[in-house]
Each structure stands twice: as structure tokens, then as C-alpha cells.
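Next up, start32.txt (compact mmCIF, C-alpha atoms):
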# COMPACT_ATOMS: atom_id res chain seq x y z
CA MET A 1 -35.23 -15.07 13.05
CA ASN A 2 -37.01 -15.28 9.72
CA ILE A 3 -36.65 -12.38 7.32
CA THR A 4 -40.46 -12.02 7.45
CA TRP A 5 -40.23 -10.65 11.00
CA TYR A 6 -37.94 -7.88 9.89
CA ILE A 7 -40.15 -6.98 6.93
CA VAL A 8 -43.30 -6.90 9.07
CA LEU A 9 -41.52 -4.71 11.63
CA SER A 10 -40.35 -2.44 8.84
CA SER A 11 -43.88 -2.01 7.47
CA LEU A 12 -45.15 -1.34 11.00
CA LEU A 13 -42.55 1.39 11.47
CA PHE A 14 -43.41 2.86 8.06
CA ALA A 15 -47.11 2.99 8.97
CA THR A 16 -46.24 4.66 12.29
CA GLY A 17 -44.28 7.34 10.47
CA ALA A 18 -47.16 7.92 8.04
CA VAL A 19 -49.62 8.31 10.93
CA GLY A 20 -47.26 10.81 12.55
CA ILE A 21 -47.11 12.90 9.38
CA LEU A 22 -50.90 12.95 9.21
CA LEU A 23 -51.39 13.74 12.89
CA ARG A 24 -48.75 16.27 13.83
CA ARG A 25 -48.70 19.93 12.80
CA SER A 26 -45.21 21.05 13.76
CA PRO A 27 -42.85 20.92 10.73
CA MET A 28 -40.06 19.68 12.97
CA VAL A 29 -41.99 16.62 14.11
CA ILE A 30 -43.06 16.00 10.51
CA LEU A 31 -39.37 15.89 9.53
CA LEU A 32 -38.77 13.40 12.35
CA CYS A 33 -41.61 11.24 11.02
CA LEU A 34 -40.06 11.36 7.54
CA GLU A 35 -36.89 10.03 9.18
CA LEU A 36 -38.95 7.20 10.66
CA MET A 37 -40.27 6.26 7.22
CA LEU A 38 -36.83 6.41 5.60
CA ASN A 39 -35.41 4.24 8.37
CA ALA A 40 -38.19 1.71 7.89
CA GLY A 41 -37.20 1.56 4.23
CA ASN A 42 -33.59 1.09 5.26
CA LEU A 43 -34.51 -1.83 7.50
CA ALA A 44 -36.37 -3.48 4.62
CA LEU A 45 -33.41 -2.93 2.29
CA VAL A 46 -30.93 -4.46 4.73
CA ALA A 47 -33.27 -7.37 5.47
CA PHE A 48 -33.70 -8.15 1.78
CA SER A 49 -29.94 -7.86 1.29
CA ARG A 50 -29.49 -10.49 4.01
CA MET A 51 -32.17 -12.65 2.40
CA VAL A 52 -30.42 -12.63 -0.96
CA GLY A 53 -26.97 -12.93 0.62
CA ASN A 54 -25.63 -9.93 -1.28
CA GLU A 55 -24.18 -6.73 0.12
CA GLN A 56 -25.48 -4.41 -2.59
CA GLY A 57 -28.66 -3.71 -0.65
CA GLN A 58 -26.56 -2.37 2.21
CA VAL A 59 -24.87 0.08 -0.15
CA PHE A 60 -28.36 1.20 -1.12
CA ALA A 61 -29.17 1.71 2.58
CA VAL A 62 -26.06 3.86 3.00
CA ILE A 63 -27.11 6.03 0.04
CA VAL A 64 -30.59 6.37 1.57
CA MET A 65 -28.91 7.59 4.75
CA VAL A 66 -27.12 10.28 2.72
CA ILE A 67 -30.44 11.35 1.17
CA ALA A 68 -32.01 11.51 4.63
CA ALA A 69 -29.17 13.71 5.89
CA CYS A 70 -29.64 16.09 2.94
CA GLU A 71 -33.38 16.22 3.57
CA VAL A 72 -32.79 17.04 7.24
CA VAL A 73 -30.31 19.79 6.45
CA VAL A 74 -32.58 21.53 3.94
CA GLY A 75 -35.69 21.01 6.09
CA LEU A 76 -34.07 22.43 9.22
CA GLY A 77 -32.74 25.37 7.18
CA LEU A 78 -36.30 26.06 6.04
CA ILE A 79 -37.56 25.84 9.62
CA VAL A 80 -34.93 28.30 10.80
CA ALA A 81 -35.83 30.66 7.93
CA ILE A 82 -39.54 30.41 8.82
CA PHE A 83 -38.73 31.12 12.46
CA ARG A 84 -36.62 34.16 11.55
CA ARG A 85 -39.52 35.71 9.65
CA ARG A 86 -41.77 35.16 12.66
CA LEU A 87 -44.20 33.03 10.69
CA PRO A 88 -46.14 30.41 12.65
CA LEU A 89 -44.45 27.00 12.79
CA ASN A 90 -47.62 25.17 11.88
CA VAL A 91 -48.18 23.37 8.60
CA ASP A 92 -51.85 24.37 8.51
CA ASP A 93 -50.93 28.06 8.57
CA LEU A 94 -48.09 27.58 6.08
CA ARG A 95 -50.20 26.20 3.26
CA GLU A 96 -49.82 29.22 1.00
CA LEU A 97 -46.75 28.89 -1.17
CA ARG A 98 -45.89 32.57 -0.87
CA GLY A 99 -42.98 34.21 0.87
CA MET B 1 -30.61 -15.60 22.05
CA GLU B 2 -31.07 -14.05 18.64
CA ALA B 3 -34.82 -13.99 19.13
CA VAL B 4 -34.46 -12.22 22.50
CA VAL B 5 -32.21 -9.53 21.00
CA PHE B 6 -34.56 -9.15 18.05
CA PHE B 7 -37.64 -8.66 20.19
CA VAL B 8 -35.92 -6.25 22.58
CA ALA B 9 -34.63 -4.18 19.63
CA ALA B 10 -38.00 -4.38 17.86
CA ILE B 11 -39.84 -3.16 20.95
CA GLY B 12 -37.29 -0.39 21.31
CA ALA B 13 -37.68 0.66 17.69
CA LEU B 14 -41.47 0.58 17.81
CA GLY B 15 -41.61 2.33 21.18
CA GLY B 16 -39.26 5.02 19.90
CA ALA B 17 -41.39 5.50 16.80
CA ILE B 18 -44.59 5.79 18.83
CA GLY B 19 -42.80 8.15 21.21
CA VAL B 20 -41.85 10.40 18.29
CA ILE B 21 -45.46 10.88 17.23
CA ALA B 22 -46.97 10.91 20.74
CA MET B 23 -44.72 13.36 22.60
CA ARG B 24 -46.06 16.89 22.73
CA ASN B 25 -42.65 18.50 23.20
CA PRO B 26 -40.44 18.24 20.06
CA PHE B 27 -37.39 17.84 22.26
CA TYR B 28 -38.74 14.58 23.69
CA SER B 29 -39.62 13.49 20.15
CA VAL B 30 -35.97 13.88 19.18
CA LEU B 31 -34.88 11.84 22.21
CA ALA B 32 -37.39 9.12 21.29
CA LEU B 33 -35.99 9.09 17.76
CA ILE B 34 -32.51 8.50 19.19
CA VAL B 35 -33.82 5.42 21.03
CA HIS B 36 -35.40 4.28 17.77
CA LEU B 37 -32.14 4.74 15.85
CA PHE B 38 -30.08 2.79 18.37
CA SER B 39 -32.59 -0.08 18.29
CA LEU B 40 -32.45 -0.09 14.50
CA ALA B 41 -28.64 -0.26 14.69
CA ALA B 42 -28.99 -3.39 16.84
CA LEU B 43 -31.33 -4.87 14.22
CA PHE B 44 -28.80 -4.08 11.49
CA LEU B 45 -26.13 -5.90 13.51
CA LEU B 46 -28.45 -8.92 13.73
CA LEU B 47 -28.70 -8.82 9.95
CA THR B 48 -24.86 -8.98 9.75
CA SER B 49 -24.44 -5.48 8.35
CA ALA B 50 -21.84 -3.99 10.65
CA PHE B 51 -21.02 -0.99 8.49
CA VAL B 52 -24.63 0.18 8.16
CA ALA B 53 -25.10 -0.19 11.91
CA ALA B 54 -21.97 1.84 12.64
CA ALA B 55 -22.99 4.52 10.13
CA GLN B 56 -26.45 4.61 11.69
CA VAL B 57 -25.05 5.28 15.14
CA VAL B 58 -22.30 7.70 14.09
CA VAL B 59 -24.07 9.66 11.35
CA TYR B 60 -27.69 9.52 12.45
CA ALA B 61 -27.73 9.24 16.21
CA GLY B 62 -24.59 11.33 16.44
CA ALA B 63 -24.51 14.09 13.85
CA VAL B 64 -28.06 14.48 12.54
CA MET B 65 -29.67 14.31 15.96
CA VAL B 66 -27.29 16.95 17.32
CA LEU B 67 -28.47 19.19 14.47
CA TYR B 68 -32.07 18.50 15.47
CA VAL B 69 -31.40 19.25 19.12
CA PHE B 70 -29.77 22.56 18.21
CA VAL B 71 -32.68 23.62 16.01
CA VAL B 72 -35.26 22.58 18.60
CA ALA B 73 -33.37 24.55 21.22
CA TYR B 74 -33.22 27.56 18.87
CA VAL B 75 -36.83 27.49 17.70
CA GLY B 76 -38.32 26.25 20.93
CA GLY B 77 -41.06 23.68 21.21
CA GLY B 78 -44.32 25.51 20.91
CA GLY B 79 -47.55 23.78 21.74
CA GLU B 80 -49.64 22.69 18.79
CA SER B 81 -53.11 24.08 18.32
CA ALA B 82 -55.96 21.65 18.63
CA TRP B 83 -57.70 23.09 15.60
CA GLU B 84 -58.34 20.49 12.91
CA PRO B 85 -58.80 21.56 9.31
CA ILE B 86 -60.32 18.19 8.47
CA PRO B 87 -62.92 17.07 11.02
CA GLY B 88 -62.08 13.75 12.61
CA GLN B 89 -58.47 13.77 11.42
CA ARG B 90 -57.34 12.46 14.79
CA PHE B 91 -59.32 9.26 14.22
CA LEU B 92 -58.96 8.93 10.47
CA ALA B 93 -55.14 9.05 10.51
CA PRO B 94 -54.60 5.93 12.68
CA LEU B 95 -57.19 4.08 10.61
CA LEU B 96 -55.25 4.95 7.47
CA GLY B 97 -52.03 3.85 9.17
CA ILE B 98 -53.53 0.48 10.07
CA ALA B 99 -54.79 0.11 6.50
CA LEU B 100 -51.30 0.92 5.19
CA PHE B 101 -49.71 -1.66 7.51
CA VAL B 102 -52.19 -4.36 6.52
CA GLU B 103 -51.71 -3.58 2.87
CA LEU B 104 -47.90 -3.69 3.09
CA SER B 105 -48.03 -6.95 5.06
CA ILE B 106 -50.36 -8.54 2.52
CA ALA B 107 -48.08 -7.37 -0.28
CA VAL B 108 -44.99 -8.88 1.36
CA LEU B 109 -46.48 -12.07 2.79
CA GLY B 110 -48.50 -12.74 -0.34
CA SER B 111 -45.46 -12.50 -2.56
CA ALA B 112 -43.93 -15.69 -3.85
CA LEU B 113 -40.56 -15.05 -2.19
CA LYS B 114 -39.78 -18.42 -0.65
CA ALA B 115 -36.61 -17.17 1.01
CA LEU B 116 -38.67 -14.92 3.30
CA GLU B 117 -39.27 -17.86 5.62
CA THR B 118 -35.55 -18.58 6.02
CA HIS B 119 -32.72 -16.88 7.85
CA GLY B 120 -31.06 -16.09 4.56
CA PRO B 121 -28.14 -18.04 3.15
CA ASP B 122 -24.97 -18.65 5.12
CA THR B 123 -22.68 -15.72 4.57
CA PRO B 124 -18.90 -15.57 4.41
CA ASN B 125 -17.00 -14.17 7.34
CA GLY B 126 -16.60 -10.57 6.18
CA PHE B 127 -20.20 -10.07 5.04
CA GLY B 128 -21.23 -6.43 5.40
CA ASP B 129 -18.10 -5.23 7.16
CA PRO B 130 -16.57 -1.86 6.22
CA ALA B 131 -14.04 -3.41 3.85
CA ALA B 132 -16.69 -5.12 1.74
CA ILE B 133 -19.01 -2.09 1.65
CA GLY B 134 -16.10 0.22 0.85
CA ARG B 135 -15.00 -1.99 -2.00
CA LEU B 136 -18.54 -1.99 -3.43
CA LEU B 137 -18.88 1.78 -3.00
CA LEU B 138 -15.61 2.61 -4.71
CA GLU B 139 -15.75 0.03 -7.47
CA LYS B 140 -19.22 -1.00 -8.52
CA PHE B 141 -21.17 1.97 -7.17
CA LEU B 142 -18.66 4.74 -7.78
CA LEU B 143 -21.09 6.91 -9.73
CA PRO B 144 -23.88 6.89 -7.09
CA PHE B 145 -21.23 7.52 -4.44
CA GLU B 146 -19.94 10.63 -6.22
CA ALA B 147 -23.48 11.78 -7.00
CA SER B 148 -24.42 11.53 -3.32
CA SER B 149 -21.34 13.50 -2.32
CA ILE B 150 -22.33 16.28 -4.75
CA LEU B 151 -25.86 16.12 -3.33
CA LEU B 152 -24.49 16.58 0.20
CA LEU B 153 -22.49 19.60 -0.92
CA LEU B 154 -25.57 21.09 -2.61
CA ALA B 155 -27.66 20.50 0.51
CA ALA B 156 -25.07 22.21 2.72
CA VAL B 157 -24.89 25.24 0.40
CA GLY B 158 -28.68 25.36 0.16
CA ALA B 159 -29.09 25.26 3.93
CA ILE B 160 -26.65 28.14 4.33
CA VAL B 161 -28.50 30.18 1.70
CA LEU B 162 -31.87 29.42 3.31
CA ALA B 163 -30.92 30.08 6.89
CA ALA B 164 -28.49 32.98 6.41
CA ARG B 165 -29.50 36.30 7.86
CA ARG B 166 -30.45 38.69 5.05
CA GLN B 167 -28.96 42.12 5.56
CA GLU B 168 -31.24 44.00 3.17
CA ALA B 169 -34.35 42.30 4.52
CA SER B 170 -33.62 43.10 8.16
CA SER B 171 -32.59 46.72 7.66
Take the structure from the file and write it as C-alpha cells.
Amino acid sequence: MNITWYIVLSSLLFATGAVGILLRRSPMVILLCLELMLNAGNLALVAFSRMVGNEQGQVFAVIVMVIAACEVVVGLGLIVAIFRRRLPLNVDDLRELRG
Amino acid sequence: MEAVVFFVAAIGALGGAIGVIAMRNPFYSVLALIVHLFSLAALFLLLTSAFVAAAQVVVYAGAVMVLYVFVVAYVGGGGESAWEPIPGQRFLAPLLGIALFVELSIAVLGSALKALETHGPDTPNGFGDPAAIGRLLLEKFLLPFEASSILLLLAAVGAIVLAARRQEASS
């Protein structure tokens, strides 16, 4: 398979994640869509690393995975904190940056 | 054979992604994301990056998704209100997604990268296996490796601080 196929698939997945972030209101699903976009970036990184024939892009993908794990941990902690305070889990109601 | 595996994995990845944004119950969204992650691991294997594929399955589909499932079970999947702050958002968002996809495709396909039309160069036998990635991580990329480990520690501490039950607030 040509590398182009992988890159086109990666941009399609990225666009899907972006549409999900715009459409959904639950913070949990928005976090999942962020995961989709990060994974699309990972696919592009690994595909370009294969294209160049160099493993350094794969190291980059591993680091991106670490960043995604950190983002998930902090995001889910925020969601649990919001739930504990009985605030609505809806990003339209949570637009005021006050506690 | 490679094309068959690629298209099956690509359909799985795309179907999982669409499932994530289309399911009304967050629990099903998480399950769709697991399908997506496994398909991406197959694609990584096709790109001869065994370590990234293994890390994807173990770290993502294993650990991170278990965390998601726990939080979804704790918070519960509430239905989303149909109220739209921006009128027509439901139709504008897919249009913007299509525009983004077209733009990215034009940017990639219009670039002068000639190697995009190839399979990539022939790689040596151990390309992308754990030994090679580990050597790169601990020799050339030692500083980013340590920085990411500190970041993980900070994220864990931050999550505990955020989600911990406050005694003075509850009493």
C-alpha cells in the first residue's frame, strides 16, 4: 500500500474527531474525540516514519501516546470533580470559568 | 494480502471513529473507541512498527480504556439535551469536517513529497521492534523520555488533587 493511503485515512480520522468535538456536548465524549484526533496524528507520524525509513517518528508517536494518557487522566479527574459538585455534565452549561 | 488487511483495518478504524461520535450512550462510545484502537494497532503493524502497535494495545486499549469505563460507570451516561446554542450546529459541523478533510488532503497530496507514492524504502529486519525503539528512547531521546515521565507523574498527582474528596467542602 502507498503511504498516501495511510495519510488520507489519517486526515479522515482527524476530521471525524473534529466533527465529534463540535457536535457532542458531553465532556466525556469530547475527551474520546480528542483521543481520535491524537490517534490520527499518531498514524500520520508512523506512516511518515515508514516513508522515510527512520524509526524516530515512532518514538514521537510513543511520546504522543504519553501525552494522550496524561490528558485523559487530568480530563477524567475534572469530570469526576464536576460530577461530585453536582454540576451538569454539559459543556454548554459549563462555559463560565468559575468554581 | 496487504491491501486486504489495510482495507479491513481502515474500515474498522473509520467505523470505530464514527461510532464514537454517533453513539448516544457514552459507554458504547468507549467500546467503539476500543475497536478503533485495535484497528489502528493493525495499521501500525502493517507499517512495520511492532512496538507502537503493542503499546497501543497494552496502554491504550488496555489501561486508558479501563479508566474510561470506570468513570463512565461512576458518572453514568446521561442523555444530551437537544438544545443548540448556535442554530444549525448539527449541519454546520459536518460541513466543517468535510472542509477540514479536503484541506488536509490537498495539503498532503499537493506537497512535493515523491516518496508518498511508494511503499517506503526496504527496511532492515529489526525495524521498529522494541529493541530499536528502546535504544532510541534511552540514547538519542533520553531528555524527552525523562520529561514525559515527569509529565506522567504530574498528571497522576494532579488527577488525585482534582478528584479527591474535600473534607472541609463536604462538611
Query - All residues 10 Å or closer to segment 134-136 of chain B, all atoms listed in the file, same chain fewer than 5 positions away omitted, as number ranges by chain - result: A: 55-56, 58-59; B: 51, 128-129, 141-142, 145
Please provide as a short mmCIF file (atom, residue, chain, number, x, y, z; two decimals) with C-alpha atoms, keeping the file's coordinate frame all residues within 8 Å of segment 15-30 of chain B, with the sequence filter that same-chain residues fewer than 3 positions apart are discarded (counting all atoms listed in the file).
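Below is the file that was written, result-v5.cif:
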data_model
loop_
_atom_site.label_atom_id
_atom_site.label_comp_id
_atom_site.auth_asym_id
_atom_site.auth_seq_id
_atom_site.Cartn_x
_atom_site.Cartn_y
_atom_site.Cartn_z
CA LEU A 13 -42.55 1.39 11.47
CA THR A 16 -46.24 4.66 12.29
CA GLY A 17 -44.28 7.34 10.47
CA VAL A 19 -49.62 8.31 10.93
CA GLY A 20 -47.26 10.81 12.55
CA LEU A 23 -51.39 13.74 12.89
CA ARG A 24 -48.75 16.27 13.83
CA MET A 28 -40.06 19.68 12.97
CA VAL A 29 -41.99 16.62 14.11
CA LEU A 32 -38.77 13.40 12.35
CA CYS A 33 -41.61 11.24 11.02
CA LEU A 36 -38.95 7.20 10.66
CA ILE B 11 -39.84 -3.16 20.95
CA GLY B 12 -37.29 -0.39 21.31
CA LEU B 33 -35.99 9.09 17.76
CA ILE B 34 -32.51 8.50 19.19
CA VAL B 35 -33.82 5.42 21.03
CA HIS B 36 -35.40 4.28 17.77
CA MET B 65 -29.67 14.31 15.96
CA TYR B 68 -32.07 18.50 15.47
CA VAL B 69 -31.40 19.25 19.12
CA VAL B 72 -35.26 22.58 18.60
CA ALA B 73 -33.37 24.55 21.22
CA GLY B 77 -41.06 23.68 21.21
CA GLY B 78 -44.32 25.51 20.91
CA GLY B 79 -47.55 23.78 21.74
CA GLU B 80 -49.64 22.69 18.79
#
Would you list which chain A residues are within 6 Å of chain B using only C-alpha atoms, as an mmCIF file with C-alpha atoms, keeping the file's coordinate frame?
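Now in out_23.cif:
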data_model
loop_
_atom_site.group_PDB
_atom_site.id
_atom_site.type_symbol
_atom_site.label_atom_id
_atom_site.label_comp_id
_atom_site.auth_asym_id
_atom_site.auth_seq_id
_atom_site.Cartn_x
_atom_site.Cartn_y
_atom_site.Cartn_z
ATOM 1 C CA ASN A 2 -37.010 -15.280 9.720
ATOM 2 C CA ILE A 3 -36.650 -12.380 7.320
ATOM 3 C CA THR A 4 -40.460 -12.020 7.450
ATOM 4 C CA SER A 11 -43.880 -2.010 7.470
ATOM 5 C CA LEU A 12 -45.150 -1.340 11.000
ATOM 6 C CA ALA A 15 -47.110 2.990 8.970
ATOM 7 C CA VAL A 19 -49.620 8.310 10.930
ATOM 8 C CA GLY A 20 -47.260 10.810 12.550
ATOM 9 C CA LEU A 22 -50.900 12.950 9.210
ATOM 10 C CA ARG A 50 -29.490 -10.490 4.010
ATOM 11 C CA MET A 51 -32.170 -12.650 2.400
ATOM 12 C CA GLY A 53 -26.970 -12.930 0.620
ATOM 13 C CA CYS A 70 -29.640 16.090 2.940
ATOM 14 C CA VAL A 74 -32.580 21.530 3.940
ATOM 15 C CA GLY A 77 -32.740 25.370 7.180
ATOM 16 C CA VAL A 80 -34.930 28.300 10.800
ATOM 17 C CA ALA A 81 -35.830 30.660 7.930
#
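Going from atom CA of Val66 of chain B over to atom CA of Arg85 of chain A, you cover 23.7 Å.
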Query raised in the report: Between atom CA of Lys114 of chain B and atom CA of Ser49 of chain A, what is the distance, to one decimal in Å?
Result: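 We find that atom CA of Lys114 of chain B and atom CA of Ser49 of chain A lie 14.6 Å from each other.
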Query raised in the report: What is the atom CA of Ser111 of chain B to atom CA of Val64 of chain A distance in Å?
Result: 24.4 Å
Report task. Measuring atom to atom with all atoms listed in the file, identify which of A:Ala69, A:Leu9, A:Ile63, A:Val91 is nearest to Ile21 of chain A. Result ->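 Going through A:Ala69, A:Leu9, A:Ile63, A:Val91 one by one, the smallest distance to Ile21 of chain A is for A:Val91.
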Requested in this report: Could you check which of A:Val72, A:Leu89, A:Ala47, A:Gly57 is closest to Tyr6 of chain A, using all atoms listed in the file?
Outcome: A:Ala47
Query raised in the report: Which is closest to Val62 of chain A among B:Ala54, B:Gly62, B:Glu139, B:Ile150, if we use only C-alpha atoms?
Result: B:Ala54
